[in-house]
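Everything below belongs to protein_9.txt, which stores compact mmCIF, C-alpha atoms and all ligand atoms.
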# COMPACT_ATOMS: atom_id res chain seq x y z
CA MET A 240 -59.30 192.42 228.31
CA GLN A 241 -59.85 190.12 225.34
CA ASP A 242 -56.10 190.10 224.72
CA ILE A 243 -55.41 189.17 228.38
CA ARG A 244 -57.99 186.38 228.22
CA GLU A 245 -56.28 184.84 225.17
CA ARG A 246 -52.82 185.16 226.67
CA LEU A 247 -54.06 183.39 229.80
CA ILE A 248 -55.48 180.49 227.79
CA GLN A 249 -52.25 180.11 225.82
CA ALA A 250 -50.14 180.24 228.99
CA LEU A 251 -52.22 177.52 230.69
CA GLN A 252 -52.01 175.30 227.62
CA ALA A 253 -48.24 175.57 227.64
CA ALA A 254 -47.94 174.93 231.42
CA LYS A 255 -45.87 171.83 232.27
CA ASP A 256 -46.46 171.37 235.99
CA ALA A 257 -48.17 172.74 239.10
CA ALA A 258 -45.33 175.20 239.78
CA HIS A 259 -45.76 176.60 236.30
CA VAL A 260 -49.52 177.11 236.89
CA GLU A 261 -48.76 178.92 240.15
CA GLN A 262 -46.45 181.28 238.27
CA ILE A 263 -49.27 181.99 235.79
CA ARG A 264 -51.60 182.80 238.71
CA ILE A 265 -49.05 185.29 240.02
CA ASP A 266 -48.52 186.80 236.53
CA PHE A 267 -52.24 187.37 235.99
CA LEU A 268 -53.94 187.65 239.40
CA GLY A 269 -51.03 188.54 241.72
CA ARG A 270 -50.62 192.01 243.25
CA LYS A 271 -48.65 193.15 240.19
CA GLY A 272 -50.45 190.77 237.82
CA LEU A 273 -51.88 191.83 234.46
CA ILE A 274 -55.53 191.71 235.55
CA THR A 275 -54.94 193.44 238.88
CA GLN A 276 -52.99 196.21 237.14
CA LEU A 277 -55.81 196.79 234.63
CA ALA A 278 -57.98 198.54 237.24
CA LYS A 279 -55.00 200.57 238.48
CA ASN A 280 -54.20 201.91 234.98
CA VAL A 281 -57.67 203.39 234.35
CA ASP A 282 -58.43 207.01 235.30
CA PHE A 283 -61.96 206.54 236.64
CA SER A 284 -62.51 210.34 236.98
CA LYS A 285 -62.69 210.53 233.18
CA LEU A 286 -65.37 207.85 232.89
CA THR A 287 -69.10 208.31 233.04
CA ALA A 288 -71.12 206.39 235.61
CA ASP A 289 -72.25 203.91 232.94
CA GLU A 290 -68.73 203.44 231.65
CA LYS A 291 -67.50 202.81 235.20
CA LYS A 292 -70.22 200.21 235.71
CA GLY A 293 -69.50 198.46 232.40
CA PHE A 294 -65.75 198.38 233.07
CA GLY A 295 -66.25 196.99 236.58
CA GLN A 296 -68.56 194.24 235.29
CA LYS A 297 -66.12 193.18 232.54
CA LEU A 298 -63.18 193.25 234.92
CA ASN A 299 -65.03 191.00 237.40
CA GLU A 300 -65.96 188.57 234.61
CA LEU A 301 -62.31 188.41 233.55
CA LYS A 302 -61.14 187.85 237.14
CA GLN A 303 -63.67 185.07 237.60
CA PHE A 304 -62.73 183.48 234.27
CA ALA A 305 -59.01 183.53 235.19
CA THR A 306 -59.64 182.21 238.72
CA GLU A 307 -61.71 179.26 237.46
CA LYS A 308 -59.30 178.33 234.67
CA ILE A 309 -56.28 178.44 237.00
CA ALA A 310 -58.10 176.40 239.71
CA ALA A 311 -59.04 173.77 237.10
CA ALA A 312 -55.39 173.52 236.00
CA VAL A 313 -54.22 173.15 239.63
CA ASP A 314 -56.77 170.34 240.21
CA ALA A 315 -55.62 168.52 237.08
CA TYR A 316 -52.02 168.45 238.34
CA LYS A 317 -53.08 167.33 241.84
CA GLU A 318 -54.99 164.39 240.39
CA THR A 319 -52.04 163.27 238.26
CA ALA A 320 -49.73 163.39 241.28
CA THR A 321 -52.11 161.25 243.39
CA ARG A 322 -52.50 158.77 240.56
CA HIS A 323 -48.71 158.36 240.39
CA LYS A 324 -48.50 157.81 244.15
CA THR A 325 -51.25 155.20 244.44
CA ASN A 326 -50.44 153.35 241.27
CA ASP A 327 -46.78 153.76 240.54
CA LEU A 328 -46.31 150.40 238.85
CA ASP A 329 -44.98 151.44 235.51
CA LEU A 330 -44.60 148.41 233.31
CA THR A 331 -42.79 150.44 230.70
CA ALA A 332 -40.03 151.64 233.09
CA PRO A 333 -36.55 150.31 232.27
CA GLY A 334 -35.31 147.45 234.51
CA LYS A 335 -33.12 148.19 237.54
CA GLY A 336 -30.74 145.31 236.75
CA ARG A 337 -30.42 142.10 238.76
CA ARG A 338 -27.81 141.86 241.51
CA LEU A 339 -26.55 138.32 241.88
CA GLY A 340 -25.60 137.11 245.34
CA SER A 341 -22.11 135.84 246.09
CA LEU A 342 -20.70 133.14 248.31
CA HIS A 343 -18.88 133.96 251.53
CA PRO A 344 -15.11 133.29 251.40
CA ILE A 345 -15.48 130.70 254.19
CA THR A 346 -18.21 128.91 252.22
CA LEU A 347 -16.00 128.93 249.13
CA THR A 348 -13.10 127.45 251.07
CA GLN A 349 -15.34 124.86 252.72
CA MET A 350 -16.77 123.82 249.34
CA GLU A 351 -13.27 123.44 247.95
CA LEU A 352 -12.13 121.35 250.93
CA GLU A 353 -15.22 119.14 250.63
CA ASP A 354 -14.44 118.59 246.93
CA VAL A 355 -10.82 117.68 247.55
CA PHE A 356 -11.63 115.31 250.43
CA GLN A 357 -14.49 113.66 248.57
CA GLY A 358 -12.02 113.02 245.76
CA MET A 359 -9.92 111.11 248.31
CA GLY A 360 -12.86 108.93 249.40
CA PHE A 361 -13.94 110.92 252.48
CA SER A 362 -17.61 111.35 253.43
CA VAL A 363 -18.77 114.84 254.40
CA LEU A 364 -20.81 114.89 257.63
CA TYR A 365 -22.20 117.72 259.75
CA GLY A 366 -22.65 117.51 263.51
CA PRO A 367 -24.66 119.73 265.90
CA GLU A 368 -23.41 123.16 266.96
CA ILE A 369 -25.12 122.73 270.33
CA GLU A 370 -23.29 119.82 271.87
CA SER A 371 -23.08 117.81 275.06
CA GLU A 372 -20.12 118.21 277.35
CA PHE A 373 -19.51 114.50 276.91
CA PHE A 374 -18.83 114.54 273.14
CA CYS A 375 -16.98 117.87 273.27
CA PHE A 376 -14.67 116.94 276.16
CA GLU A 377 -15.07 113.71 278.11
CA ALA A 378 -15.22 111.36 275.12
CA LEU A 379 -12.06 113.09 273.90
CA ASN A 380 -10.15 112.15 277.01
CA ILE A 381 -10.65 115.56 278.65
CA PRO A 382 -12.36 114.88 281.99
CA HIS A 383 -14.03 117.56 284.06
CA ASP A 384 -11.00 118.74 285.99
CA HIS A 385 -8.45 118.35 283.16
CA PRO A 386 -6.31 121.47 282.53
CA ALA A 387 -6.85 121.05 278.76
CA ARG A 388 -10.35 122.44 279.29
CA ASP A 389 -8.74 125.79 280.05
CA MET A 390 -7.51 125.99 276.44
CA GLN A 391 -11.07 126.31 275.16
CA ASP A 392 -13.21 128.87 277.02
CA THR A 393 -16.70 127.59 276.55
CA PHE A 394 -20.16 129.14 276.17
CA TRP A 395 -22.55 127.25 278.44
CA LEU A 396 -26.29 127.11 277.88
CA LYS A 397 -28.72 127.06 280.80
CA ASN A 398 -29.61 123.42 280.11
CA GLN A 399 -26.00 122.22 280.64
CA LEU A 400 -25.41 121.85 276.90
CA ILE A 401 -22.63 123.92 275.31
CA LEU A 402 -21.78 125.61 272.03
CA ARG A 403 -19.17 123.27 270.62
CA THR A 404 -15.66 124.63 270.96
CA HIS A 405 -14.23 122.41 268.22
CA THR A 406 -15.41 120.06 265.50
CA SER A 407 -13.55 117.23 267.26
CA ALA A 408 -16.85 116.76 269.11
CA ASN A 409 -17.92 114.79 266.01
CA GLN A 410 -15.29 112.09 266.44
CA VAL A 411 -16.91 109.80 269.01
CA ARG A 412 -20.43 110.64 267.84
CA THR A 413 -19.51 109.34 264.38
CA LEU A 414 -17.55 106.29 265.53
CA ARG A 415 -20.54 105.21 267.63
CA ARG A 416 -22.87 105.67 264.70
CA PHE A 417 -20.85 104.26 261.80
CA GLY A 418 -18.07 102.18 263.40
CA ALA A 419 -14.78 101.45 261.60
CA PRO A 420 -13.37 101.65 259.00
CA ILE A 421 -14.31 105.27 258.41
CA ARG A 422 -12.95 108.22 256.47
CA ALA A 423 -14.89 111.45 256.99
CA ILE A 424 -14.61 115.21 257.38
CA PHE A 425 -16.86 117.44 259.50
CA PRO A 426 -16.80 121.10 258.52
CA GLY A 427 -18.67 123.55 260.73
CA ARG A 428 -18.94 126.47 263.07
CA CYS A 429 -17.32 126.55 266.51
CA PHE A 430 -17.61 128.99 269.38
CA ARG A 431 -15.19 130.12 272.06
CA TYR A 432 -15.25 132.88 274.61
CA GLU A 433 -12.18 134.52 273.08
CA ALA A 434 -10.56 137.92 273.25
CA ILE A 435 -10.98 139.03 269.63
CA ASP A 436 -7.92 140.07 267.62
CA PRO A 437 -6.83 139.89 263.94
CA SER A 438 -6.66 136.07 264.07
CA HIS A 439 -9.16 135.14 266.83
CA GLU A 440 -12.95 135.31 266.71
CA ASN A 441 -15.56 134.00 269.12
CA THR A 442 -17.31 132.34 266.15
CA PHE A 443 -15.14 130.60 263.58
CA TYR A 444 -15.04 127.54 261.35
CA GLN A 445 -13.04 124.36 261.56
CA CYS A 446 -12.97 121.28 259.39
CA GLU A 447 -12.33 118.10 261.34
CA GLY A 448 -11.03 115.00 259.63
CA LEU A 449 -11.11 111.44 260.93
CA VAL A 450 -9.69 108.28 259.43
CA VAL A 451 -9.92 104.98 261.32
CA ASP A 452 -8.78 101.80 259.66
CA LYS A 453 -6.28 99.01 260.03
CA ASN A 454 -2.58 100.02 260.07
CA VAL A 455 -3.10 103.77 259.82
CA SER A 456 0.13 105.64 260.58
CA VAL A 457 1.65 109.13 260.86
CA ALA A 458 2.91 108.68 257.28
CA ASN A 459 -0.72 108.48 256.05
CA LEU A 460 -1.55 111.62 258.04
CA ILE A 461 1.32 113.67 256.60
CA ALA A 462 0.66 112.50 253.04
CA THR A 463 -3.01 113.49 253.35
CA MET A 464 -2.13 116.97 254.69
CA ARG A 465 0.32 117.51 251.82
CA VAL A 466 -2.27 116.68 249.16
CA ILE A 467 -4.88 118.91 250.78
CA LEU A 468 -2.68 121.97 251.05
CA SER A 469 -1.29 121.69 247.54
CA GLN A 470 -4.82 121.36 246.12
CA VAL A 471 -6.26 124.24 248.13
CA PHE A 472 -3.43 126.70 247.47
CA LYS A 473 -2.61 125.40 243.99
CA ARG A 474 1.07 126.12 244.62
CA ASP A 475 3.87 124.98 246.89
CA VAL A 476 3.45 126.25 250.41
CA LYS A 477 5.92 126.01 253.25
CA VAL A 478 4.72 124.08 256.30
CA ARG A 479 6.33 122.89 259.50
CA LEU A 480 5.34 120.04 261.78
CA ARG A 481 6.06 120.32 265.48
CA PRO A 482 4.89 118.39 268.50
CA GLY A 483 1.53 119.54 269.87
CA TYR A 484 -0.46 118.43 272.85
CA PHE A 485 -4.11 117.43 272.60
CA PRO A 486 -5.43 114.79 275.02
CA PHE A 487 -7.32 113.02 272.21
CA VAL A 488 -4.30 112.23 270.00
CA GLU A 489 -1.07 110.39 270.66
CA PRO A 490 1.34 111.47 269.23
CA GLY A 491 0.02 114.96 268.54
CA PHE A 492 1.32 117.63 266.12
CA GLU A 493 0.82 121.19 265.09
CA LEU A 494 1.07 121.75 261.36
CA ASP A 495 1.87 125.43 260.80
CA LEU A 496 1.69 127.28 257.50
CA ASN A 497 4.31 129.84 256.57
CA CYS A 498 2.28 133.07 256.65
CA LEU A 499 1.17 133.86 253.12
CA LEU A 500 0.21 137.42 254.03
CA CYS A 501 3.74 138.55 254.93
CA GLY A 502 5.76 135.77 253.28
CA GLY A 503 7.01 134.66 256.70
CA LYS A 504 8.47 138.07 257.64
CA GLY A 505 6.01 138.63 260.50
CA CYS A 506 2.75 140.62 260.59
CA PRO A 507 -0.17 141.18 263.02
CA THR A 508 -2.05 138.18 261.57
CA CYS A 509 0.75 135.72 262.36
CA LYS A 510 1.58 137.60 265.56
CA ASN A 511 4.96 138.48 264.03
CA SER A 512 6.08 134.84 264.14
CA GLY A 513 5.93 134.23 260.38
CA TRP A 514 3.83 131.08 260.99
CA ILE A 515 0.07 130.48 261.24
CA GLU A 516 -1.22 127.59 263.35
CA LEU A 517 -3.42 125.89 260.81
CA ILE A 518 -3.87 122.15 261.28
CA PRO A 519 -3.41 120.47 264.64
CA CYS A 520 -3.44 116.74 264.15
CA GLY A 521 -2.27 113.36 265.41
CA LEU A 522 -3.06 109.68 265.78
CA VAL A 523 -6.39 109.01 267.48
CA HIS A 524 -5.87 108.21 271.16
CA PRO A 525 -6.83 104.60 272.10
CA GLU A 526 -9.17 105.97 274.78
CA VAL A 527 -11.13 107.90 272.15
CA LEU A 528 -11.43 104.77 270.00
CA ARG A 529 -12.71 102.89 273.04
CA HIS A 530 -15.33 105.60 273.70
CA GLY A 531 -16.41 105.14 270.10
CA GLY A 532 -16.80 101.38 270.56
CA ILE A 533 -13.70 100.56 268.47
CA ASP A 534 -11.02 98.11 269.60
CA PRO A 535 -7.67 99.99 269.57
CA LYS A 536 -5.80 96.72 269.19
CA GLU A 537 -7.48 96.12 265.86
CA TYR A 538 -7.81 99.68 264.53
CA SER A 539 -5.79 102.87 264.54
CA GLY A 540 -6.50 106.23 263.02
CA PHE A 541 -5.56 109.85 262.54
CA ALA A 542 -7.51 113.04 263.12
CA PHE A 543 -6.93 116.67 262.24
CA GLY A 544 -8.71 119.98 262.78
CA VAL A 545 -8.19 122.48 259.96
CA GLY A 546 -8.74 126.09 261.02
CA LEU A 547 -11.12 126.73 258.15
CA THR A 548 -11.55 130.45 258.82
CA ARG A 549 -7.79 130.96 258.91
CA LEU A 550 -7.38 128.85 255.79
CA ALA A 551 -9.84 131.18 254.00
CA MET A 552 -7.83 134.18 255.21
CA MET A 553 -4.61 132.73 253.83
CA LYS A 554 -6.22 131.68 250.58
CA PHE A 555 -7.81 135.05 249.83
CA GLY A 556 -5.24 137.31 251.52
CA ILE A 557 -7.64 138.58 254.19
CA THR A 558 -5.56 140.30 256.87
CA ASP A 559 -8.09 140.51 259.69
CA ILE A 560 -10.49 137.77 260.80
CA ARG A 561 -13.08 140.38 261.86
CA TYR A 562 -13.88 141.19 258.23
CA LEU A 563 -15.35 137.71 257.84
CA ASN A 564 -18.13 138.08 260.42
CA CYS A 565 -18.84 141.78 259.92
CA GLY A 566 -21.66 141.27 257.41
CA ASP A 567 -20.34 143.97 255.07
CA LEU A 568 -21.28 142.85 251.55
CA ARG A 569 -18.30 144.72 250.10
CA VAL A 570 -16.09 142.13 251.81
CA ASN A 571 -18.05 139.09 250.68
CA GLU A 572 -18.68 140.12 247.11
CA GLN A 573 -15.02 140.26 246.13
CA PHE A 574 -14.21 136.58 246.22
CA SER A 575 -16.75 134.54 244.23
CA THR A 576 -15.15 135.59 240.98
CA LEU A 577 -11.69 134.51 242.15
CA PHE A 578 -12.83 130.98 242.78
C1 LIG B 601 -8.57 122.11 268.29
O1 LIG B 601 -9.63 122.74 268.26
C2 LIG B 601 -8.49 120.64 268.13
N1 LIG B 601 -9.83 120.10 268.22
C3 LIG B 601 -7.86 120.31 266.81
C4 LIG B 601 -7.47 118.86 266.64
C5 LIG B 601 -8.28 118.02 265.92
C6 LIG B 601 -6.27 118.40 267.18
C7 LIG B 601 -7.95 116.68 265.75
C8 LIG B 601 -5.91 117.07 267.00
C9 LIG B 601 -6.75 116.23 266.30
P1 LIG B 601 -7.13 124.29 268.37
O2 LIG B 601 -7.75 124.86 269.59
O3 LIG B 601 -5.69 124.55 268.21
O4 LIG B 601 -7.36 122.73 268.29
O5 LIG B 601 -7.90 124.86 267.11
C10 LIG B 601 -7.67 124.32 265.82
C11 LIG B 601 -7.56 125.43 264.79
O6 LIG B 601 -8.77 126.19 264.82
C12 LIG B 601 -6.47 126.46 265.10
O7 LIG B 601 -5.24 126.05 264.55
C13 LIG B 601 -6.97 127.68 264.42
O8 LIG B 601 -6.64 127.67 263.04
C14 LIG B 601 -8.46 127.55 264.57
N2 LIG B 601 -8.93 128.34 265.71
C15 LIG B 601 -8.90 128.06 267.03
N3 LIG B 601 -9.41 129.06 267.75
C16 LIG B 601 -9.76 130.01 266.88
C17 LIG B 601 -10.37 131.31 267.00
N4 LIG B 601 -10.72 131.81 268.17
N5 LIG B 601 -10.61 132.03 265.88
C18 LIG B 601 -10.26 131.51 264.67
N6 LIG B 601 -9.72 130.31 264.48
C19 LIG B 601 -9.47 129.57 265.56

Translate this structure into structure tokens?
Ligand code: FA5
Amino acid sequence: MQDIRERLIQALQAAKDAAHVEQIRIDFLGRKGLITQLAKNVDFSKLTADEKKGFGQKLNELKQFATEKIAAAVDAYKETATRHKTNDLDLTAPGKGRRLGSLHPITLTQMELEDVFQGMGFSVLYGPEIESEFFCFEALNIPHDHPARDMQDTFWLKNQLILRTHTSANQVRTLRRFGAPIRAIFPGRCFRYEAIDPSHENTFYQCEGLVVDKNVSVANLIATMRVILSQVFKRDVKVRLRPGYFPFVEPGFELDLNCLLCGGKGCPTCKNSGWIELIPCGLVHPEVLRHGGIDPKEYSGFAFGVGLTRLAMMKFGITDIRYLNCGDLRVNEQFSTLF
């Protein structure tokens, strides 16, 4: 019994966790445990009454000793576990490492555009995303019943305001506020009730540009577009200019970019045409100048609306517009380092 007592003490001292203590309990007090077996190995018929009594007493003392020691060890482990749970601030633990955020590819493209235009003397202004029908359409020579309204399916709010369908809504707002001459861009989010596909989203970015001054011509417009594209893409890109109709410019153009994703061969992003509609533009219509309080006999101007989301897709080789709004960090995180 003395030997068992010492072995128990040694075993408990060497125990590393609660599971280990439980194993010790089984080894000593379990059905086949050392202490339980002690009684089974004794032939009581050979013992006197006194010997039986003495043995029984000693065995009970040993059982009690073992039970108490094991219970104390179990309690000690329980207490440590609770302490870890309630106070698990470990100032000595190694750091987890800091994850830096990254900028969205549209933000990167917008920042780059702002830089390039500021370098050319443009101001950067931001208009409201919730807009009046007047600035979004009527001031731009698109009256209520004009078929051009059909080109931009609009989200209407209950209070008769709308989510702006294009950044052109900033044109008359700005002319009324600052007058002419003016040279400004207006980057921002636009909304249309669109069927979504690889190149169309219901929420996308444009960057409007407006220049109003004396003797502004189509030559100024084309030169500005050339500088912008060469700076953004940092290489020669193929573009084409074709007539385009927008009621707020006269003449109006579509500046298309040769698709950089397929090299002009045709892919789902460019709808197999080899060209991406990127920058509609033109000379500001006299009616728009008038709405802005500017005399069209004295001033002329040009305006353009860069498809900022599509520009980001071309710049970073993103094949589907839906990646940009999906909120998956694995998409966003790839591009900051390329900038
Ligand atoms: C306009 O929005 C005119 N306000 C542009 C303009 C400005 C013309 C100034 C003349 C003078 P448009 O609807 O084509 O035009 O859109 C302009 C660009 O925005 C498109 O070329 C395209 O790149 C982008 N865009 C239009 N709709 C979407 C869409 N649903 N998803 C992603 N990009 C779009």

Selected residue, from A:Asp475, A:Asp314, A:Glu440, A:Asp354, that lies nearest to ligand LIG 601 (chain B) when counting all atoms listed in the file: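 Of A:Asp475, A:Asp314, A:Glu440, A:Asp354, the one nearest ligand LIG 601 (chain B) is A:Glu440, counting all atoms listed in the file.
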
Atomic separation - CA of Gly366 (chain A) relative to CA of Glu537 (chain A), Å: 26.3 Å

Selection as a ChimeraX atom specification: residues within 7 Å of ligand LIG 601 (chain B) by all atoms listed in the file: /A:390-391,404-407,431,433,438-445,447,485,487-488,491,516-521,542-549

For CA of Ala419 (chain A) and CA of Gly448 (chain A), the interatomic separation in Å (one decimal):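 Separation of CA of Ala419 (chain A) and CA of Gly448 (chain A): 14.2 Å.
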
Interatomic distance, CA of Ile243 (chain A) to CA of Glu307 (chain A) (Å, one decimal): 14.8 Å

Nearest residue to Leu499 (chain A) from the set A:Trp514, A:Ala312, A:Lys291, A:Lys536 (distances using only C-alpha atoms):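 The closest residue to Leu499 (chain A) is A:Trp514.
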
Residue neighbourhood Arg474 (chain A), 12 Å, only C-alpha atoms, exclusion window fewer than 5 positions, as a list of chain:residue names: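 Counting only the stated atoms, we get A:Arg465, A:Val466, A:Ile467, A:Leu468, A:Ser469, A:Leu499, A:Lys554.
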